[in-house]
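As stored in upload.txt (compact mmCIF, C-alpha atoms and all ligand atoms):
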# COMPACT_ATOMS: atom_id res chain seq x y z
CA MET A 1 6.20 127.69 38.36
CA ALA A 2 5.87 124.89 35.78
CA VAL A 3 9.13 123.79 34.18
CA GLU A 4 8.46 123.55 30.46
CA LYS A 5 11.12 120.82 30.02
CA LEU A 6 9.59 118.47 32.59
CA ILE A 7 7.35 115.73 31.14
CA LEU A 8 5.42 113.59 33.63
CA ALA A 9 4.74 110.00 32.54
CA LEU A 10 1.12 109.21 33.45
CA ASP A 11 1.56 105.44 33.60
CA VAL A 12 -1.76 104.64 35.30
CA ASP A 13 -4.91 102.68 34.37
CA THR A 14 -7.68 105.25 34.53
CA LEU A 15 -8.45 108.78 33.38
CA ALA A 16 -9.54 109.59 36.95
CA GLU A 17 -6.10 108.67 38.30
CA ALA A 18 -4.41 110.63 35.51
CA GLN A 19 -6.61 113.64 36.32
CA ARG A 20 -5.71 113.37 40.00
CA LEU A 21 -1.99 113.38 39.15
CA VAL A 22 -2.40 116.32 36.75
CA SER A 23 -4.24 118.38 39.38
CA LEU A 24 -1.50 117.65 41.93
CA THR A 25 1.42 118.44 39.63
CA ALA A 26 0.24 121.06 37.13
CA ASP A 27 2.09 123.84 38.97
CA TYR A 28 5.40 122.13 38.21
CA VAL A 29 5.03 120.04 35.04
CA GLY A 30 5.25 121.36 31.47
CA MET A 31 3.88 118.39 29.54
CA TYR A 32 2.21 115.03 30.20
CA LYS A 33 3.14 111.72 28.64
CA VAL A 34 0.31 109.35 27.73
CA GLY A 35 1.82 105.91 27.16
CA MET A 36 0.58 102.44 26.36
CA GLN A 37 -0.92 101.70 29.78
CA LEU A 38 -3.26 104.70 29.88
CA TYR A 39 -3.98 104.79 26.14
CA TYR A 40 -4.79 101.08 25.85
CA SER A 41 -6.92 101.29 28.95
CA CYS A 42 -8.93 104.42 28.05
CA GLY A 43 -8.66 104.73 24.26
CA PRO A 44 -8.11 107.88 22.21
CA GLU A 45 -11.13 109.64 23.74
CA LEU A 46 -9.03 110.42 26.79
CA LEU A 47 -6.96 112.83 24.71
CA SER A 48 -9.93 115.17 24.37
CA TRP A 49 -9.75 115.88 28.12
CA PHE A 50 -6.12 117.00 27.71
CA ARG A 51 -7.08 119.15 24.70
CA GLN A 52 -9.98 120.78 26.55
CA ASN A 53 -7.65 121.67 29.40
CA ASN A 54 -4.89 123.01 27.13
CA LEU A 55 -2.43 120.40 28.39
CA ARG A 56 0.51 119.52 26.18
CA VAL A 57 0.76 115.78 25.44
CA PHE A 58 3.60 113.49 24.41
CA LEU A 59 1.84 110.42 23.01
CA ASP A 60 4.26 107.56 23.61
CA LEU A 61 3.03 104.54 21.65
CA LYS A 62 6.38 103.61 20.07
CA LEU A 63 5.10 102.57 16.64
CA HIS A 64 7.12 99.83 14.93
CA ASP A 65 5.60 98.03 11.93
CA ILE A 66 5.72 97.93 8.14
CA PRO A 67 5.92 101.39 6.53
CA ASN A 68 2.32 101.58 5.31
CA THR A 69 0.88 100.60 8.70
CA VAL A 70 3.07 103.12 10.51
CA GLU A 71 2.22 105.86 8.01
CA GLN A 72 -1.52 105.40 8.48
CA ALA A 73 -1.25 105.07 12.27
CA SER A 74 0.95 108.20 12.41
CA ARG A 75 -1.66 110.13 10.43
CA VAL A 76 -4.30 109.14 12.99
CA LEU A 77 -2.09 110.01 15.98
CA ALA A 78 -1.14 113.39 14.50
CA SER A 79 -4.83 114.19 14.00
CA TYR A 80 -5.29 114.11 17.80
CA GLY A 81 -3.37 117.39 18.05
CA VAL A 82 -0.67 116.08 20.40
CA GLU A 83 2.63 117.94 20.84
CA MET A 84 4.87 114.94 20.05
CA PHE A 85 4.75 111.19 19.39
CA ASN A 86 7.29 108.46 18.77
CA VAL A 87 8.25 105.50 16.59
CA HIS A 88 11.09 102.98 16.95
CA ALA A 89 14.26 103.89 15.03
CA ALA A 90 14.76 100.13 14.55
CA GLY A 91 11.92 100.27 12.00
CA GLY A 92 14.49 101.63 9.54
CA PRO A 93 14.57 104.53 7.09
CA ILE A 94 11.57 103.63 4.94
CA MET A 95 9.37 103.29 8.02
CA LEU A 96 10.72 106.52 9.54
CA LYS A 97 9.98 108.48 6.36
CA ALA A 98 6.53 106.91 6.19
CA ALA A 99 5.89 108.00 9.79
CA LEU A 100 6.84 111.55 8.88
CA ALA A 101 4.56 111.52 5.84
CA GLY A 102 1.74 110.26 8.04
CA ALA A 103 2.39 112.93 10.68
CA GLN A 104 2.27 115.60 7.97
CA ALA A 105 -0.95 114.19 6.52
CA GLY A 106 -2.61 114.24 9.93
CA ALA A 107 -1.44 117.72 10.92
CA VAL A 108 -4.07 119.85 12.63
CA ALA A 109 -4.41 123.42 11.28
CA GLY A 110 -1.13 122.98 9.38
CA LYS A 111 0.84 122.06 12.52
CA ARG A 112 2.15 118.52 12.85
CA PRO A 113 3.43 116.99 16.11
CA LEU A 114 7.15 116.60 16.68
CA LEU A 115 8.17 113.12 15.56
CA LEU A 116 10.74 111.32 17.72
CA ALA A 117 12.68 108.09 17.17
CA VAL A 118 13.10 105.79 20.17
CA THR A 119 16.68 104.49 20.14
CA VAL A 120 17.97 101.94 22.69
CA LEU A 121 15.56 101.68 25.62
CA THR A 122 16.91 103.12 28.86
CA SER A 123 16.19 99.82 30.62
CA PHE A 124 19.11 98.15 28.79
CA SER A 125 22.56 98.04 30.32
CA GLN A 126 25.50 97.34 28.03
CA SER A 127 25.88 93.84 29.48
CA GLU A 128 22.21 92.94 29.01
CA TRP A 129 22.23 94.43 25.50
CA GLU A 130 25.11 92.13 24.59
CA ALA A 131 24.06 89.01 26.50
CA THR A 132 20.33 88.91 25.78
CA LEU A 133 20.18 90.42 22.29
CA GLY A 134 23.56 89.30 21.01
CA GLN A 135 24.54 92.86 20.15
CA LYS A 136 28.24 93.50 19.56
CA GLU A 137 28.47 97.28 19.45
CA GLU A 138 28.43 99.87 22.24
CA ILE A 139 24.95 101.18 23.06
CA GLY A 140 26.26 104.71 22.50
CA GLN A 141 27.35 103.88 18.95
CA ARG A 142 23.95 102.35 18.14
CA VAL A 143 22.11 105.35 19.60
CA GLN A 144 24.30 107.74 17.64
CA ALA A 145 23.74 105.82 14.40
CA TRP A 146 19.97 105.76 14.93
CA ALA A 147 19.92 109.46 15.84
CA ARG A 148 21.80 110.26 12.62
CA LEU A 149 19.39 108.10 10.63
CA ALA A 150 16.36 109.75 12.24
CA ARG A 151 17.70 113.19 11.38
CA GLN A 152 18.47 112.17 7.78
CA CYS A 153 14.87 110.93 7.47
CA GLY A 154 13.55 114.32 8.60
CA LEU A 155 12.49 113.44 12.14
CA ASP A 156 12.68 116.11 14.82
CA GLY A 157 14.55 114.25 17.53
CA VAL A 158 15.13 111.11 19.55
CA VAL A 159 14.28 109.43 22.82
CA ALA A 160 17.51 108.17 24.43
CA SER A 161 19.30 108.05 27.74
CA SER A 162 21.19 111.06 29.02
CA ARG A 163 24.45 109.14 28.74
CA GLU A 164 24.29 109.30 24.94
CA LEU A 165 23.60 113.05 24.76
CA PRO A 166 27.17 114.04 23.71
CA LEU A 167 27.16 111.48 20.89
CA ILE A 168 23.72 112.59 19.68
CA GLN A 169 24.71 116.25 19.74
CA GLN A 170 27.96 115.48 17.93
CA ALA A 171 26.09 113.71 15.12
CA CYS A 172 22.93 115.83 14.91
CA GLY A 173 23.72 119.24 16.40
CA PRO A 174 22.25 121.04 19.39
CA GLU A 175 18.84 121.79 17.84
CA PHE A 176 17.92 118.13 17.30
CA VAL A 177 15.35 117.46 20.03
CA THR A 178 16.38 115.08 22.82
CA VAL A 179 13.71 113.60 25.08
CA ILE A 180 15.34 111.80 28.00
CA PRO A 181 13.73 109.17 30.26
CA GLY A 182 15.69 107.17 32.83
CA ILE A 183 15.71 110.20 35.10
CA ARG A 184 16.24 109.46 38.77
CA PRO A 185 16.68 112.10 41.46
CA LEU A 186 19.13 110.96 44.15
CA TRP A 187 16.19 110.17 46.45
CA ALA A 188 14.38 107.82 44.00
CA ALA A 189 14.79 104.10 43.28
CA ALA A 190 16.08 103.11 39.82
CA GLY A 191 13.62 100.21 39.39
CA ASP A 192 14.01 98.68 35.93
CA GLN A 193 15.89 101.68 34.52
CA GLN A 194 19.60 101.04 33.85
CA ARG A 195 21.04 104.07 32.05
CA ILE A 196 20.05 106.80 34.48
CA MET A 197 21.03 110.30 35.56
CA THR A 198 19.63 112.87 37.96
CA PRO A 199 17.53 115.73 36.56
CA ALA A 200 20.41 118.16 37.13
CA GLN A 201 22.97 115.92 35.41
CA ALA A 202 20.72 115.34 32.40
CA LEU A 203 19.99 119.04 31.94
CA ARG A 204 23.68 119.92 32.28
CA ALA A 205 24.39 117.33 29.57
CA GLY A 206 22.07 119.32 27.27
CA ALA A 207 18.74 117.44 27.34
CA HIS A 208 15.79 119.33 25.86
CA TYR A 209 13.10 117.45 27.82
CA LEU A 210 13.20 115.08 30.80
CA VAL A 211 10.62 112.31 31.22
CA VAL A 212 9.93 111.41 34.84
CA GLY A 213 7.36 108.85 35.97
CA ARG A 214 7.50 106.72 39.11
CA PRO A 215 9.71 109.03 41.18
CA ILE A 216 6.65 111.35 41.11
CA THR A 217 3.64 109.13 40.40
CA GLY A 218 4.79 106.40 42.81
CA SER A 219 5.56 108.84 45.60
CA ALA A 220 3.33 109.08 48.68
CA ASP A 221 3.18 112.84 47.92
CA PRO A 222 3.27 113.35 44.13
CA ARG A 223 2.90 117.13 44.43
CA GLU A 224 5.94 117.43 46.68
CA ALA A 225 7.95 115.02 44.50
CA ALA A 226 7.10 117.07 41.38
CA ARG A 227 8.05 120.25 43.23
CA ARG A 228 11.43 118.78 44.16
CA VAL A 229 12.20 117.66 40.60
CA ALA A 230 11.07 121.02 39.18
CA GLU A 231 13.17 122.89 41.74
CA GLU A 232 16.28 120.84 40.87
CA MET A 233 15.69 121.56 37.17
CA ALA A 234 14.95 125.25 37.70
CA GLU A 235 18.25 125.70 39.56
CA VAL A 236 20.23 124.29 36.65
CA LEU A 237 18.23 126.27 34.09
CA ALA A 238 18.89 129.44 36.07
CA GLU A 239 22.66 128.66 35.99
CA GLY A 240 22.41 128.34 32.19
CA GLY A 241 20.56 131.66 31.99
CA LYS A 242 23.30 133.38 34.00
CA MET A 243 26.01 131.84 31.82
CA ARG A 244 24.34 133.22 28.69
CA CYS A 245 24.15 136.77 30.11
O1 LIG B 1 9.74 106.41 24.91
C1 LIG B 1 9.79 106.56 26.14
O2 LIG B 1 9.16 107.47 26.67
C2 LIG B 1 10.72 105.73 26.91
C3 LIG B 1 11.85 105.28 26.26
C4 LIG B 1 12.89 104.67 26.97
O3 LIG B 1 13.95 104.31 26.40
N1 LIG B 1 12.75 104.50 28.30
C5 LIG B 1 11.61 104.88 28.98
O4 LIG B 1 11.58 104.71 30.21
N2 LIG B 1 10.57 105.46 28.28
C6 LIG B 1 9.32 105.81 29.00
O5 LIG B 1 9.60 106.80 29.99
C7 LIG B 1 8.86 106.55 31.17
C8 LIG B 1 9.83 106.44 32.33
O6 LIG B 1 9.12 106.25 33.52
P1 LIG B 1 9.83 106.05 34.93
O7 LIG B 1 10.87 104.98 34.78
O8 LIG B 1 8.69 105.64 35.83
O9 LIG B 1 10.43 107.39 35.30
C9 LIG B 1 8.03 105.29 30.95
O10 LIG B 1 6.71 105.71 30.65
C10 LIG B 1 8.67 104.62 29.74
O11 LIG B 1 7.71 103.99 28.93

Can the structure from this file be put into structure tokens for me?
Ligand SMILES: O=C(O)c1cc(=O)[nH]c(=O)n1[C@@H]1O[C@H](COP(=O)(O)O)[C@@H](O)[C@H]1O
Amino acid sequence: MAVEKLILALDVDTLAEAQRLVSLTADYVGMYKVGMQLYYSCGPELLSWFRQNNLRVFLDLKLHDIPNTVEQASRVLASYGVEMFNVHAAGGPIMLKAALAGAQAGAVAGKRPLLLAVTVLTSFSQSEWEATLGQKEEIGQRVQAWARLARQCGLDGVVASSRELPLIQQACGPEFVTVIPGIRPLWAAAGDQQRIMTPAQALRAGAHYLVVGRPITGSADPREAARRVAEEMAEVLAEGGKMRC
């Protein structure tokens, strides 16, 4: 059965390849992420295929520009009827509020997408963050500050690594949506991801959604890889269900 909290990152070049991955994984995956690679390659028309097939989409284009540009782009993205999309928290409060206004203006049938703020990319380690960007603070502190800012600006949640979940929850409460990439089952290679956790660890830490890409899409058997991730998640979710009873 599909795990609603599992988002598969369709980082491929063509709609045909995306469709192949969807047909292999639809039994296990709750939502699909369309990111820069697929969107820039195919254009917005590809989203109509997802709409026609009632597939939920996280449109990951990470907007970051002056407020007016982000507001107008957000209006356009919201009009595609996607479930969620994202902007960079580093754009600051005026840009974040402009993104929200744009999302509201583009809402389809009165329903706007969830708007998420990307915090510190999961590909940064603390040492690289300090050495290459000259940052002085802990990544966790920056993520927490940006999560708090996003919430104050009316956004629905953040994209962050699972390691920062306690700090985000402390600042923003348990309802603030957390979308967590940098997910690596024990059997998958980390690649360029630095701040990682397994699906089970991330769910136990309280993540609302997990984003998984290459461990599934780069596998020789994407269907089996998706099944294994979904099974690991379902076990933890079942534990949570028992605890609540
Ligand atoms: O916004 C994102 O989705 C995102 C933010 C982030 O900090 N780290 C991150 O990996 N992502 C995206 O999540 C996906 C992770 O893919 P894999 O590393 O292949 O599992 C990619 O499509 C990234 O673009």

Using all atoms listed in the file, find each residue of chain A with at least one atom at most 10 Å away from an atom of ligand LIG 1 (chain B); report its shortest atom-to-atom pair and that distance in Å (one decimal), sort the rows by chain and rising residue number, and return the result as a tab-separated table.
residue	atom	partner	partner_atom	distance
A:Ile7	CA	B:LIG1	O5	9.3
A:Leu8	CA	B:LIG1	O9	8.1
A:Ala9	CA	B:LIG1	O10	5.1
A:Leu10	CA	B:LIG1	O10	7.2
A:Asp11	CA	B:LIG1	O10	5.9
A:Val12	CA	B:LIG1	O10	9.7
A:Lys33	CA	B:LIG1	O10	7.3
A:Val34	CA	B:LIG1	O10	7.9
A:Gly35	CA	B:LIG1	O10	6.0
A:Met36	CA	B:LIG1	O11	7.7
A:Gln37	CA	B:LIG1	O10	8.7
A:Phe58	CA	B:LIG1	O2	8.5
A:Leu59	CA	B:LIG1	O2	8.7
A:Asp60	CA	B:LIG1	O1	5.7
A:Leu61	CA	B:LIG1	O1	7.7
A:Lys62	CA	B:LIG1	O1	6.5
A:Phe85	CA	B:LIG1	O1	8.8
A:Asn86	CA	B:LIG1	O1	6.9
A:Val87	CA	B:LIG1	O1	8.5
A:His88	CA	B:LIG1	O1	8.8
A:Leu116	CA	B:LIG1	O1	8.8
A:Ala117	CA	B:LIG1	O1	8.4
A:Val118	CA	B:LIG1	O1	5.8
A:Thr119	CA	B:LIG1	O3	6.8
A:Val120	CA	B:LIG1	O3	6.0
A:Leu121	CA	B:LIG1	O3	3.2
A:Thr122	CA	B:LIG1	O3	4.0
A:Ser123	CA	B:LIG1	N1	6.3
A:Phe124	CA	B:LIG1	O3	8.4
A:Val158	CA	B:LIG1	O1	8.9
A:Val159	CA	B:LIG1	O1	5.8
A:Ala160	CA	B:LIG1	O3	5.6
A:Ser161	CA	B:LIG1	O3	6.7
A:Val179	CA	B:LIG1	O2	7.8
A:Ile180	CA	B:LIG1	C3	7.6
A:Pro181	CA	B:LIG1	O5	4.8
A:Gly182	CA	B:LIG1	O4	5.5
A:Ile183	CA	B:LIG1	O9	6.0
A:Arg184	CA	B:LIG1	O9	7.1
A:Pro185	CA	B:LIG1	O9	10.0
A:Ala188	CA	B:LIG1	O9	9.6
A:Ala189	CA	B:LIG1	O7	9.4
A:Ala190	CA	B:LIG1	O7	7.5
A:Gly191	CA	B:LIG1	O7	7.2
A:Asp192	CA	B:LIG1	O7	7.1
A:Gln193	CA	B:LIG1	O7	6.0
A:Gln194	CA	B:LIG1	N1	9.5
A:Arg195	CA	B:LIG1	O3	9.1
A:Ile196	CA	B:LIG1	O7	9.4
A:Leu210	CA	B:LIG1	O5	9.1
A:Val211	CA	B:LIG1	O5	5.7
A:Val212	CA	B:LIG1	O9	4.1
A:Gly213	CA	B:LIG1	O9	3.5
A:Arg214	CA	B:LIG1	O8	3.7
A:Pro215	CA	B:LIG1	O9	6.1
A:Ile216	CA	B:LIG1	O9	8.0
A:Thr217	CA	B:LIG1	O8	7.7
A:Gly218	CA	B:LIG1	O8	8.0

Shell of 10 Å around range 135-152 of chain A, all atoms listed in the file, local chain residues under 2 positions omitted, as a ChimeraX atom specification | /A:88-90,92-93,96-97,115-121,124-133,154-161,163-173,176-178

Looking at only C-alpha atoms, which of A:Ala2, A:Ala105, A:Ala98, A:Val76 is the one that sits closest to Val22 in chain A?
-> A:Ala2

In Å to one decimal, how far is CA of Tyr80 in chain A from CA of Leu6 in chain A?
->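 Calculated distance between CA of Leu6 in chain A and CA of Tyr80 in chain A is 21.4 Å.
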
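For Arg20 in chain A, the list of residues within 12 Å, based on all atoms listed in the file and with local chain neighbours fewer than 4 positions off taken out, reads Leu10, Val12, Thr14, Leu15, Ala16, Leu24, Thr25, Ala26, Thr217, Asp221, Pro222 and Arg223 of chain A.
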
Quick one: distance from CA of Leu21 in chain A to CA of Ser48 in chain A in Å, one decimal?
-> 16.9 Å
